[in-house]
Protein chains: 2
Amino acid sequence: MILINGEAGIAPSASDRGLQFGDGVFRTLRLFEGQPLWWADHYEKLTFDCRALAIEPPDGKQLLAEIHRLGAVSPDGVVKIIVTRGESGRGYRPEPDAAPTRILILGAPPAWPERFHSEGVRVRLCELRLAAQPRLAGVKHLNRLENVLARMEWDDPEFAEGILLDRAGRVVEGVMSNLFAVLAGRLVTPDLRRCGVAGVARERLLRAAAKRGTGVDVRDMDLQELLSAEALFLCNSLIGVWRVARLGERLWPETKHYRMLLSWLHEHEEMA
Amino acid sequence: MILINGEAGIAPSASDRGLQFGDGVFRTLRLFEGQPLWWADHYEKLTFDCRALAIEPPDGKQLLAEIHRLGAVSPDGVVKIIVTRGESGRGYRPEPDAAPTRILILGAPPAWPERFHSEGVRVRLCELRLAAQPRLAGVKHLNRLENVLARMEWDDPEFAEGILLDRAGRVVEGVMSNLFAVLAGRLVTPDLRRCGVAGVARERLLRAAAKRGTGVDVRDMDLQELLSAEALFLCNSLIGVWRVARLGERLWPETKHYRMLLSWLHEHEEMA
């Protein structure tokens, strides 16, 4: 089921700038009993990302009502929200009076093996290196060819995720997830001011750590440091948290941090 | 008029990866008496760009037949060709059996003022700096947010184009065009192995220069060198060649090079 500007049974325009230029942003969120999980965080991030591209964010109440329509169809599904700058001619210049397009796509619940949670995941290192573009860093925009090309590097389902470095060799994120490491007893997550997507799960963990006064070090980290970490985690809105059990020949046993991050992620789990 | 995989009157899928991730490439070409201008060059470039993303290129004869259908409707129009990796679920990983989507959009002829050709154009320097991503450099893919944001920097129609530098300060291209300079009597065009789009008009000029044994220096160039150029030109498939008459306070008179580049661009103007 797909809603375009609230309407079911219609399709996007071929002149939509989302298709022409990737000129828009998106969100992927889980439903639980028909309600979007972490809705306040997702809407805040959607609004932030729209503004980063000077796109007028959709009205929150209207958007939520549309999500509820999808939730009535599939209460435990996944909703992808795409907001584009709207339609225009072929040129890069937006039409001054174009109205944004909002597209909601209802999808099936995630289908990762249960053992990814119980045993941790094996990950690989991607060859593709992320480009640094501070103007777009952190934003979940529709220009995702780097992620696509990185994900195309492997077929083996044994690898749950790929780790992305930037062109200077700094660790940035997973292809579809954010990354946390434990280094000298401290939680560390890469600084995303040059590249990468700052996801809602990462934001929830940062907030939970800040509330406890422990905090997280947001800073650069190279591969060698990553491999020296006591523990490694991946997070996003669909997977929650995975602990990394293996990268190359490096193995990590489970530590106390996994349960801690899980509980942090799911605290104050407001429903809309 | 729009054709999607050869069919009129239908719309793209919201699950198309062109919309979801900008996972595809595009071309914009002029029609002349219903025939696509520089067709062999455009098809070669389309094929090259598809392969750079591991997308199966469309069949040339089929594509040309579809362009002719549009040309019968508007013999002097512009055709935009979008080729995406096809449809998939929400993940970055492509479906192994997805068929590419080809979208042809018929548009109006370009409507730039005639004086842009007779008097040259005024251009501005963009604040946005292009990111270096060798894996995507040169390819006219659908991840064009940098171009969109750069084009949004100005409204004044007095500026025909914006000049883009990369993050290291190297001159790369115009927002929608490639750039040639004359320096110490030599034609120079920026090296596009880090970023930028290597357009068909640029390729035609490089080929014409090579054929004459004069050649073009393809190399890095900073802003200071650009401003010291004897002459400056912008080219693409819709504008042909514009000479730059002004950038900031720097003015350039017309030189012999403008007519030369125009004639080079239009020689052997094969029709399909």
# chains A, B, ... in the order shown; residues from 1 in each chain; ligands from 1
call {"tool": "interface_residues", "arguments": {"of": "chain B", "to": "chain A", "cutoff": "7 Å", "atoms": "only C-alpha atoms", "output": "list in words"}}
result
Ala11, Pro12, Ser13, Ala14, Gly18, Leu19, Gln20, Phe21, Gly22, Asp23, Tyr92, Arg93, Ala131, Ala132, Gln133, Leu142, Asn143, Arg144, Leu145, Asn147, Val148, Arg151 and Met152 of chain B
call {"tool": "closest_atom_pairs", "arguments": {"of": "region 90-199 of chain A", "to": "region 218-239 of chain A", "cutoff": "12 Å", "atoms": "only C-alpha atoms", "output": "Markdown table"}}
result
| residue | atom | partner | partner_atom | distance |
| --- | --- | --- | --- | --- |
| A:Gly107 | CA | A:Leu238 | CA | 11.9 |
| A:Ala108 | CA | A:Leu238 | CA | 11.3 |
| A:Pro109 | CA | A:Leu238 | CA | 8.6 |
| A:Pro110 | CA | A:Leu238 | CA | 6.8 |
| A:Ala111 | CA | A:Ile239 | CA | 9.7 |
| A:Trp112 | CA | A:Ile239 | CA | 8.2 |
| A:Pro113 | CA | A:Ile239 | CA | 10.8 |
| A:Glu114 | CA | A:Ile239 | CA | 10.7 |
| A:Phe116 | CA | A:Ile239 | CA | 9.3 |
| A:His117 | CA | A:Ile239 | CA | 8.9 |
| A:Gly120 | CA | A:Phe233 | CA | 9.0 |
| A:Val121 | CA | A:Leu234 | CA | 9.3 |
| A:Arg122 | CA | A:Leu232 | CA | 11.0 |
| A:Val123 | CA | A:Leu234 | CA | 10.0 |
| A:Leu125 | CA | A:Leu223 | CA | 9.5 |
| A:Cys126 | CA | A:Leu223 | CA | 11.7 |
| A:Ala160 | CA | A:Leu234 | CA | 10.2 |
| A:Glu161 | CA | A:Leu234 | CA | 8.8 |
| A:Gly162 | CA | A:Leu234 | CA | 10.3 |
| A:Ile163 | CA | A:Leu234 | CA | 9.7 |
| A:Leu164 | CA | A:Leu223 | CA | 9.9 |
| A:Leu165 | CA | A:Leu223 | CA | 8.0 |
| A:Asp166 | CA | A:Asp222 | CA | 9.6 |
| A:Arg167 | CA | A:Asp222 | CA | 11.3 |
| A:Ala168 | CA | A:Asp222 | CA | 9.0 |
| A:Gly169 | CA | A:Asp222 | CA | 6.1 |
| A:Arg170 | CA | A:Asp222 | CA | 4.6 |
| A:Val171 | CA | A:Asp222 | CA | 5.4 |
| A:Val172 | CA | A:Met221 | CA | 8.2 |
| A:Glu173 | CA | A:Leu234 | CA | 8.3 |
| A:Gly174 | CA | A:Leu234 | CA | 7.2 |
| A:Val175 | CA | A:Leu234 | CA | 10.2 |
| A:Met176 | CA | A:Asn236 | CA | 7.4 |
| A:Ser177 | CA | A:Asn236 | CA | 5.1 |
| A:Asn178 | CA | A:Cys235 | CA | 5.3 |
| A:Leu179 | CA | A:Leu234 | CA | 4.6 |
| A:Phe180 | CA | A:Phe233 | CA | 5.1 |
| A:Ala181 | CA | A:Leu232 | CA | 4.4 |
| A:Val182 | CA | A:Ala231 | CA | 5.1 |
| A:Leu183 | CA | A:Ala229 | CA | 5.0 |
| A:Ala184 | CA | A:Glu230 | CA | 7.5 |
| A:Gly185 | CA | A:Glu230 | CA | 7.7 |
| A:Arg186 | CA | A:Glu230 | CA | 9.5 |
| A:Leu187 | CA | A:Val218 | CA | 8.7 |
| A:Val188 | CA | A:Val218 | CA | 5.8 |
| A:Thr189 | CA | A:Val218 | CA | 5.0 |
| A:Pro190 | CA | A:Arg219 | CA | 5.1 |
| A:Asp191 | CA | A:Arg219 | CA | 4.7 |
| A:Leu192 | CA | A:Val218 | CA | 8.5 |
| A:Arg193 | CA | A:Arg219 | CA | 9.9 |
| A:Arg194 | CA | A:Asp220 | CA | 10.5 |
| A:Cys195 | CA | A:Asp220 | CA | 11.7 |
| A:Val197 | CA | A:Asn236 | CA | 10.5 |
| A:Ala198 | CA | A:Asn236 | CA | 9.8 |
| A:Gly199 | CA | A:Asn236 | CA | 6.5 |
call {"tool": "closest_residue", "arguments": {"among": "B:Glu56, B:Ala72, B:Ala137, B:Asn5", "to": "Gly34 (chain B)", "atoms": "only C-alpha atoms"}}
result
B:Ala72
call {"tool": "select_by_dssp", "arguments": {"residues": "region 38-270 of chain A", "states": "strand (DSSP E or B)", "output": "PyMOL selection string"}}
result
chain A and resi 78-84+87+101-107+121-130+138+141+159-166+170-174+178-183+186-190+197+217-219+222+231-236+240-247+250-251
call {"tool": "atom_distance", "arguments": {"atom1": "CA of His68 (chain B)", "atom2": "CA of Arg207 (chain B)"}}
result
27.0 Å
call {"tool": "residues_around", "arguments": {"residues": "His266 (chain B)", "least_positions_apart": "5", "cutoff": "10 Å", "atoms": "only C-alpha atoms", "output": "VMD selection string"}}
result
chain B and resid 37 to 38 201 204 to 205 208 240 261
